[in-house]
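Quick look at structure-v6.cif (mmCIF, C-alpha atoms):
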data_start
#
loop_
_atom_site.label_atom_id
_atom_site.label_comp_id
_atom_site.auth_asym_id
_atom_site.auth_seq_id
_atom_site.Cartn_x
_atom_site.Cartn_y
_atom_site.Cartn_z
CA MET C 23 0.00 0.00 0.00
CA SER C 24 1.37 3.38 -0.95
CA LEU C 25 1.28 6.18 1.60
CA ARG C 26 1.41 8.84 -1.13
CA SER C 27 -1.71 10.89 -1.69
CA PRO C 28 -3.57 10.40 -4.97
CA LEU C 29 -2.60 13.93 -6.03
CA SER C 30 1.08 13.31 -5.32
CA ARG C 31 0.91 10.08 -7.31
CA VAL C 32 -0.75 11.63 -10.33
CA LEU C 33 1.69 14.57 -10.38
CA GLY C 34 4.58 12.12 -10.11
CA LEU C 35 7.12 14.74 -9.15
CA GLY C 36 8.72 13.11 -6.09
CA ALA C 37 11.20 14.82 -3.82
CA ALA C 38 12.69 17.02 -6.55
CA LYS C 39 9.30 18.82 -6.72
CA ASP C 40 9.59 20.11 -10.27
CA GLY C 41 9.98 17.01 -12.42
CA THR C 42 11.19 17.54 -15.96
CA ALA C 43 9.98 21.16 -16.32
CA HIS C 44 13.47 22.67 -16.11
CA TRP C 45 15.05 20.12 -18.44
CA TRP C 46 12.24 20.44 -20.96
CA ALA C 47 12.28 24.27 -20.95
CA GLN C 48 16.05 24.18 -21.51
CA ARG C 49 15.53 22.02 -24.63
CA VAL C 50 12.59 24.00 -26.03
CA THR C 51 14.51 27.28 -25.69
CA ALA C 52 17.62 25.61 -27.19
CA ILE C 53 15.66 24.60 -30.29
CA ALA C 54 14.15 28.09 -30.60
CA LEU C 55 17.60 29.65 -30.26
CA VAL C 56 19.10 27.76 -33.22
CA PRO C 57 17.21 29.79 -35.89
CA LEU C 58 17.04 32.97 -33.77
CA THR C 59 20.78 33.23 -33.09
CA LEU C 60 21.74 32.20 -36.63
CA TRP C 61 19.39 34.86 -38.03
CA PHE C 62 20.84 37.48 -35.68
CA VAL C 63 24.48 36.70 -36.50
CA PHE C 64 23.90 36.55 -40.28
CA SER C 65 21.75 39.65 -40.25
CA LEU C 66 24.35 41.61 -38.26
CA LEU C 67 27.40 40.36 -40.17
CA THR C 68 25.91 41.26 -43.55
CA LEU C 69 25.33 44.90 -42.58
CA PRO C 70 27.38 47.26 -44.77
CA ASP C 71 28.75 49.01 -41.67
CA PHE C 72 28.42 49.05 -37.88
CA ASP C 73 28.02 52.81 -37.49
CA TYR C 74 25.11 54.31 -35.53
CA GLU C 75 22.83 55.21 -38.47
CA THR C 76 23.18 51.82 -40.20
CA VAL C 77 22.56 49.80 -37.04
CA ARG C 78 19.69 52.02 -35.88
CA THR C 79 17.99 51.79 -39.30
CA TRP C 80 18.51 48.00 -39.31
CA LEU C 81 16.98 47.56 -35.85
CA SER C 82 14.01 49.86 -36.52
CA VAL C 83 12.73 47.59 -39.31
CA PRO C 84 9.73 45.91 -37.57
CA ILE C 85 10.77 42.30 -38.31
CA THR C 86 14.32 42.96 -37.02
CA GLY C 87 12.98 44.56 -33.86
CA PHE C 88 10.46 41.77 -33.32
CA LEU C 89 12.99 38.96 -33.79
CA SER C 90 15.53 40.80 -31.61
CA VAL C 91 13.00 41.04 -28.77
CA LEU C 92 12.28 37.31 -29.14
CA LEU C 93 16.01 36.59 -29.22
CA VAL C 94 16.70 38.54 -26.03
CA GLY C 95 13.72 36.99 -24.25
CA VAL C 96 14.41 33.37 -25.19
CA MET C 97 18.16 33.76 -24.72
CA SER C 98 17.75 35.30 -21.25
CA TYR C 99 15.49 32.43 -20.19
CA HIS C 100 17.81 29.76 -21.64
CA SER C 101 20.85 31.39 -20.04
CA TYR C 102 19.02 31.72 -16.72
CA LEU C 103 18.10 28.02 -16.76
CA GLY C 104 21.75 27.14 -17.46
CA THR C 105 23.37 29.38 -14.87
CA ILE C 106 21.07 28.32 -12.03
CA VAL C 107 22.24 24.74 -12.56
CA ILE C 108 25.85 25.90 -12.23
CA VAL C 109 24.98 27.69 -8.98
CA GLU C 110 23.07 24.66 -7.68
CA ASP C 111 26.10 22.48 -8.44
CA TYR C 112 28.79 24.61 -6.83
CA VAL C 113 27.16 26.77 -4.14
CA HIS C 114 26.50 24.49 -1.20
CA SER C 115 25.42 26.60 1.78
CA SER C 116 21.66 27.04 1.51
CA GLY C 117 21.57 30.73 2.49
CA MET C 118 24.21 31.62 -0.06
CA LYS C 119 22.46 29.49 -2.67
CA VAL C 120 19.10 31.20 -2.22
CA LEU C 121 20.78 34.61 -2.29
CA THR C 122 22.74 33.81 -5.48
CA LEU C 123 19.72 32.33 -7.25
CA MET C 124 17.60 35.36 -6.36
CA SER C 125 20.30 37.80 -7.49
CA LEU C 126 20.64 35.87 -10.76
CA ARG C 127 16.91 36.05 -11.38
CA PHE C 128 16.90 39.79 -10.72
CA ALA C 129 19.96 40.29 -12.95
CA TYR C 130 18.39 38.40 -15.86
CA VAL C 131 15.07 40.23 -15.66
CA LEU C 132 16.94 43.53 -15.39
CA ALA C 133 19.35 42.92 -18.29
CA GLY C 134 16.75 41.24 -20.51
CA GLY C 135 14.12 43.86 -19.71
CA ALA C 136 16.56 46.71 -20.38
CA ALA C 137 17.54 45.22 -23.74
CA MET C 138 13.90 44.70 -24.78
CA PHE C 139 12.94 48.19 -23.68
CA ALA C 140 15.92 49.58 -25.66
CA ILE C 141 14.78 47.71 -28.79
CA PHE C 142 11.24 49.06 -28.36
CA ARG C 143 12.66 52.58 -28.05
CA VAL C 144 14.58 52.17 -31.31
CA VAL C 145 11.63 50.60 -33.18
CA PHE C 146 8.91 52.98 -31.98
CA GLY C 147 11.02 56.08 -31.56
CA PHE C 148 10.89 58.16 -28.41
CA SER C 149 10.29 61.74 -27.41
CA ARG C 150 12.56 63.81 -25.22
CA LEU C 151 10.86 65.89 -22.54
CA MET E 24 29.34 20.38 3.04
CA PRO E 25 30.04 17.37 5.29
CA ALA E 26 31.02 18.39 8.78
CA ARG E 27 32.89 15.11 9.34
CA GLY E 28 35.55 13.62 7.10
CA ARG E 29 33.43 10.78 5.76
CA PRO E 30 34.76 8.79 2.81
CA LEU E 31 33.64 10.15 -0.56
CA SER E 32 32.72 8.18 -3.66
CA PRO E 33 35.27 8.28 -6.50
CA HIS E 34 35.31 11.79 -7.91
CA VAL E 35 36.86 13.82 -10.75
CA GLY E 36 40.43 13.08 -9.69
CA ILE E 37 40.47 9.35 -10.40
CA TYR E 38 39.06 9.36 -13.92
CA ARG E 39 41.20 9.45 -17.06
CA TRP E 40 40.88 12.75 -18.89
CA GLN E 41 39.18 12.21 -22.25
CA ILE E 42 37.22 13.97 -24.97
CA GLY E 43 33.79 13.32 -23.44
CA ASN E 44 34.38 15.06 -20.13
CA THR E 45 36.53 17.79 -21.75
CA LEU E 46 33.74 18.76 -24.15
CA SER E 47 31.17 18.58 -21.37
CA ILE E 48 33.21 21.00 -19.24
CA LEU E 49 33.76 23.21 -22.30
CA HIS E 50 30.00 23.28 -22.91
CA ARG E 51 29.33 24.58 -19.42
CA PHE E 52 32.28 26.99 -19.56
CA THR E 53 31.19 28.48 -22.89
CA GLY E 54 27.63 28.70 -21.57
CA ALA E 55 28.84 30.73 -18.59
CA ALA E 56 30.90 32.94 -20.92
CA LEU E 57 27.83 33.49 -23.10
CA ALA E 58 25.83 34.54 -20.03
CA LEU E 59 28.30 37.42 -19.69
CA GLY E 60 27.98 38.01 -23.44
CA LEU E 61 24.26 38.47 -22.92
CA LEU E 62 25.06 41.36 -20.57
CA ALA E 63 27.27 42.92 -23.25
CA LEU E 64 24.53 42.45 -25.87
CA SER E 65 22.07 44.10 -23.52
CA TYR E 66 24.45 47.02 -22.98
CA TRP E 67 24.91 47.34 -26.76
CA PHE E 68 21.11 47.55 -27.36
CA VAL E 69 20.74 50.10 -24.55
CA SER E 70 23.61 52.18 -25.94
CA LEU E 71 21.93 52.16 -29.36
CA ALA E 72 18.65 53.41 -27.86
CA GLY E 73 20.59 56.10 -25.99
CA GLY E 74 21.67 57.87 -29.19
CA PRO E 75 24.84 58.41 -31.26
CA GLY E 76 26.98 59.41 -28.26
CA SER E 77 26.37 56.36 -26.09
CA TYR E 78 26.51 54.06 -29.13
CA ALA E 79 29.91 55.48 -30.13
CA ALA E 80 31.19 54.84 -26.59
CA ALA E 81 29.99 51.21 -26.70
CA ALA E 82 31.41 50.72 -30.20
CA ARG E 83 34.78 52.14 -29.08
CA LEU E 84 34.85 49.74 -26.15
CA LEU E 85 33.96 46.71 -28.29
CA ALA E 86 36.40 47.67 -31.08
CA SER E 87 39.34 48.15 -28.68
CA PRO E 88 42.01 45.38 -28.72
CA VAL E 89 40.65 43.88 -25.49
CA GLY E 90 37.08 44.25 -26.77
CA LEU E 91 37.91 42.46 -30.02
CA ALA E 92 39.69 39.64 -28.16
CA VAL E 93 36.64 39.17 -25.92
CA LEU E 94 34.31 39.27 -28.96
CA LEU E 95 36.45 36.57 -30.58
CA GLY E 96 36.08 34.47 -27.42
CA TRP E 97 32.31 34.97 -27.44
CA THR E 98 32.18 34.04 -31.14
CA PHE E 99 33.93 30.73 -30.43
CA SER E 100 31.81 30.18 -27.31
CA PHE E 101 28.61 30.75 -29.26
CA LEU E 102 29.59 28.49 -32.19
CA TYR E 103 30.83 25.70 -29.94
CA HIS E 104 27.82 25.90 -27.61
CA LEU E 105 25.54 25.84 -30.68
CA LEU E 106 27.21 22.81 -32.32
CA ASN E 107 27.62 20.88 -29.08
CA GLY E 108 24.07 21.86 -28.09
CA VAL E 109 22.75 20.25 -31.27
CA ARG E 110 24.81 17.19 -30.30
CA HIS E 111 23.00 17.17 -26.96
CA LEU E 112 19.62 17.41 -28.72
CA PHE E 113 20.49 14.32 -30.78
CA TRP E 114 21.36 12.49 -27.55
CA ASP E 115 18.04 13.62 -26.06
CA ALA E 116 16.35 11.99 -29.06
CA GLY E 117 18.25 8.80 -28.20
CA ARG E 118 20.71 8.95 -31.09
CA GLY E 119 24.50 9.13 -31.37
CA PHE E 120 25.37 7.41 -28.08
CA GLU E 121 27.71 4.80 -29.60
CA ARG E 122 31.42 5.29 -29.19
CA THR E 123 32.23 6.27 -32.78
CA PRO E 124 29.39 8.76 -33.46
CA ARG E 125 29.97 10.23 -30.00
CA HIS E 126 33.63 10.89 -30.72
CA VAL E 127 33.14 11.98 -34.32
CA SER E 128 30.37 14.44 -33.39
CA GLY E 129 32.54 15.74 -30.53
CA TRP E 130 35.46 16.48 -32.81
CA PHE E 131 33.05 17.93 -35.36
CA ALA E 132 31.74 20.37 -32.72
CA VAL E 133 35.22 21.54 -31.63
CA LEU E 134 36.85 21.73 -35.05
CA GLY E 135 33.67 23.14 -36.61
CA ALA E 136 33.58 25.90 -34.00
CA ILE E 137 37.27 26.73 -34.57
CA VAL E 138 36.88 26.85 -38.38
CA LEU E 139 33.69 28.92 -38.20
CA THR E 140 35.29 31.33 -35.68
CA ILE E 141 38.14 31.87 -38.13
CA CYS E 142 35.60 32.41 -40.94
CA VAL E 143 33.70 35.04 -38.91
CA ALA E 144 36.94 36.79 -37.88
CA ALA E 145 38.19 36.79 -41.51
CA TRP E 146 34.81 38.12 -42.72
CA ILE E 147 34.94 41.02 -40.28
CA TRP E 148 38.65 41.63 -40.93
CA SER E 149 38.04 41.81 -44.72
CA ARG E 150 35.48 44.56 -44.17
CA LEU E 151 37.33 46.76 -41.67
#
For this file, produce the structure as structure tokens.
Amino acid sequence: MSLRSPLSRVLGLGAAKDGTAHWWAQRVTAIALVPLTLWFVFSLLTLPDFDYETVRTWLSVPITGFLSVLLVGVMSYHSYLGTIVIVEDYVHSSGMKVLTLMSLRFAYVLAGGAAMFAIFRVVFGFSRL
Amino acid sequence: MPARGRPLSPHVGIYRWQIGNTLSILHRFTGAALALGLLALSYWFVSLAGGPGSYAAAARLLASPVGLAVLLGWTFSFLYHLLNGVRHLFWDAGRGFERTPRHVSGWFAVLGAIVLTICVAAWIWSRL
């Protein structure tokens, strides 16, 4: 006779609590990043120049801006999933671990959010007060 | 961390160094390097939104000798992580686990990344 509750049994997550969610998300984002990163690198490398006007004009094309936002979003998530595993592997004291994981999450949302907001500013233009 | 000096199971130190573990470590290392690259990418986008002045400052930083060396490192890291990541996806699908395909794909990932890094560097160099 199992002492596990019916809910616990149907969720099937065990002591790790989150099952395959992390692993699966890492793979889904990896697959999405193959075309996204290749597009970004090719698109950037085939620009005639890297000066301000050329790059700004390139990024303000809607499809470039859209794909760049997707790139930053998916890449931040994929990178976050990867770095937390490194922290979980090497940071052993639980207080330090929680602190590092929280700081990482803040850092990713901050950096990713700043990049996305910057892309929106370039695509939609902005007014100075 | 164990408070007492209990015996540990065999760890890194007793295994022979070989391509499998080397590439695995390199995958994690390049992933960590790319996490820092993401910060640089973010800074680059923000500098672009900030106008010609801030973009010129970012471009100067990235085009400096140290900046170019770091960009070269990120280029290799990206290409290797991409090729070896595809290798991992094949493993996830249950393919390529045998000794020969495992080693061949491993060498393909490393050498492919080196060759492609040189191609990207040459492409940029030819247009400077």
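Interatomic distance, CA of Phe52 in chain E against CA of Leu91 in chain E: 19.5 Å.
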Per-residue nearest contacts chain C to chain E, cut-off 7 Å, using all atoms listed in the file, as CSV:
residue,atom,partner,partner_atom,distance
C:Tyr74,CA,E:Pro75,CA,5.9
C:Arg78,CA,E:Leu71,CA,6.9
C:Ser101,CA,E:Ala58,CA,5.9
C:Thr105,CA,E:Ala55,CA,6.8
C:His114,CA,E:Met24,CA,6.6
C:Ala133,CA,E:Ser65,CA,6.0
C:Gly134,CA,E:Ser65,CA,6.7
C:Ala136,CA,E:Val69,CA,6.8
C:Ala137,CA,E:Ser65,CA,4.7
C:Ala140,CA,E:Val69,CA,5.0
C:Ile141,CA,E:Phe68,CA,6.5
C:Arg143,CA,E:Ala72,CA,6.1
C:Val144,CA,E:Ala72,CA,5.5
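The space separating CA of His44 in chain C from CA of Ile106 in chain C comes to 10.3 Å.
Put simply, CA of Val96 in chain C is 10.2 Å away from CA of Ile53 in chain C.
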### Query
Hey, what's within 12 Å of Lys119 in chain C if we count only C-alpha atoms and toss same-chain stuff fewer than 6 positions away? As a ChimeraX atom specification, please?
/C:106-113,125-126
### Message
Here is a test: counting all atoms listed in the file, which residue of E:Arg125, E:His50, E:Arg118, E:Arg83 is nearest to Phe99 in chain E?
### Response
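Among the listed residues, E:His50 lies closest to Phe99 in chain E.
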All residues 12 Å or closer to Thr68 in chain C, only C-alpha atoms, same chain fewer than 2 positions away omitted, as a PDB file with C-alpha atoms, keeping the file's coordinate frame:
ATOM      1  CA  TRP C  61      19.390  34.860 -38.030  1.00  0.00           C
ATOM      2  CA  PHE C  62      20.840  37.480 -35.680  1.00  0.00           C
ATOM      3  CA  VAL C  63      24.480  36.700 -36.500  1.00  0.00           C
ATOM      4  CA  PHE C  64      23.900  36.550 -40.280  1.00  0.00           C
ATOM      5  CA  SER C  65      21.750  39.650 -40.250  1.00  0.00           C
ATOM      6  CA  LEU C  66      24.350  41.610 -38.260  1.00  0.00           C
ATOM      7  CA  PRO C  70      27.380  47.260 -44.770  1.00  0.00           C
ATOM      8  CA  ASP C  71      28.750  49.010 -41.670  1.00  0.00           C
ATOM      9  CA  PHE C  72      28.420  49.050 -37.880  1.00  0.00           C
ATOM     10  CA  THR C  76      23.180  51.820 -40.200  1.00  0.00           C
ATOM     11  CA  VAL C  77      22.560  49.800 -37.040  1.00  0.00           C
ATOM     12  CA  TRP C  80      18.510  48.000 -39.310  1.00  0.00           C
TER      13      TRP C  80
ATOM     14  CA  VAL E 143      33.700  35.040 -38.910  1.00  0.00           C
ATOM     15  CA  TRP E 146      34.810  38.120 -42.720  1.00  0.00           C
ATOM     16  CA  ILE E 147      34.940  41.020 -40.280  1.00  0.00           C
ATOM     17  CA  ARG E 150      35.480  44.560 -44.170  1.00  0.00           C
TER      18      ARG E 150
END
### Query
Which residue gives the smallest distance to Gly147 in chain C among C:Met97, C:Leu103, C:Leu81, C:Met124, with all atoms listed in the file counted?
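Once distances to Gly147 in chain C are computed over all atoms listed in the file, the minimum belongs to C:Leu81.
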Report, as lines of an AutoDock Vina configuration file, the axis-aligned box around all atoms of range 42-55 of chain C present in the file, extended by 6 Å on each side; give centre and edge lengths in Å to one decimal place.
center_x = 13.8
center_y = 23.6
center_z = -23.3
size_x = 19.6
size_y = 24.1
size_z = 26.6
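Residues matched by the PyMOL selection byres ((chain E and resi 131) around 12) in this file are Ile42, Leu46, Leu102, Tyr103, Leu105, Leu106, Asn107, Val109, Arg110, Thr123, Pro124, Arg125, His126, Val127, Ser128, Gly129, Trp130, Ala132, Val133, Leu134, Gly135, Ala136, Ile137, Val138 and Leu139 of chain E.
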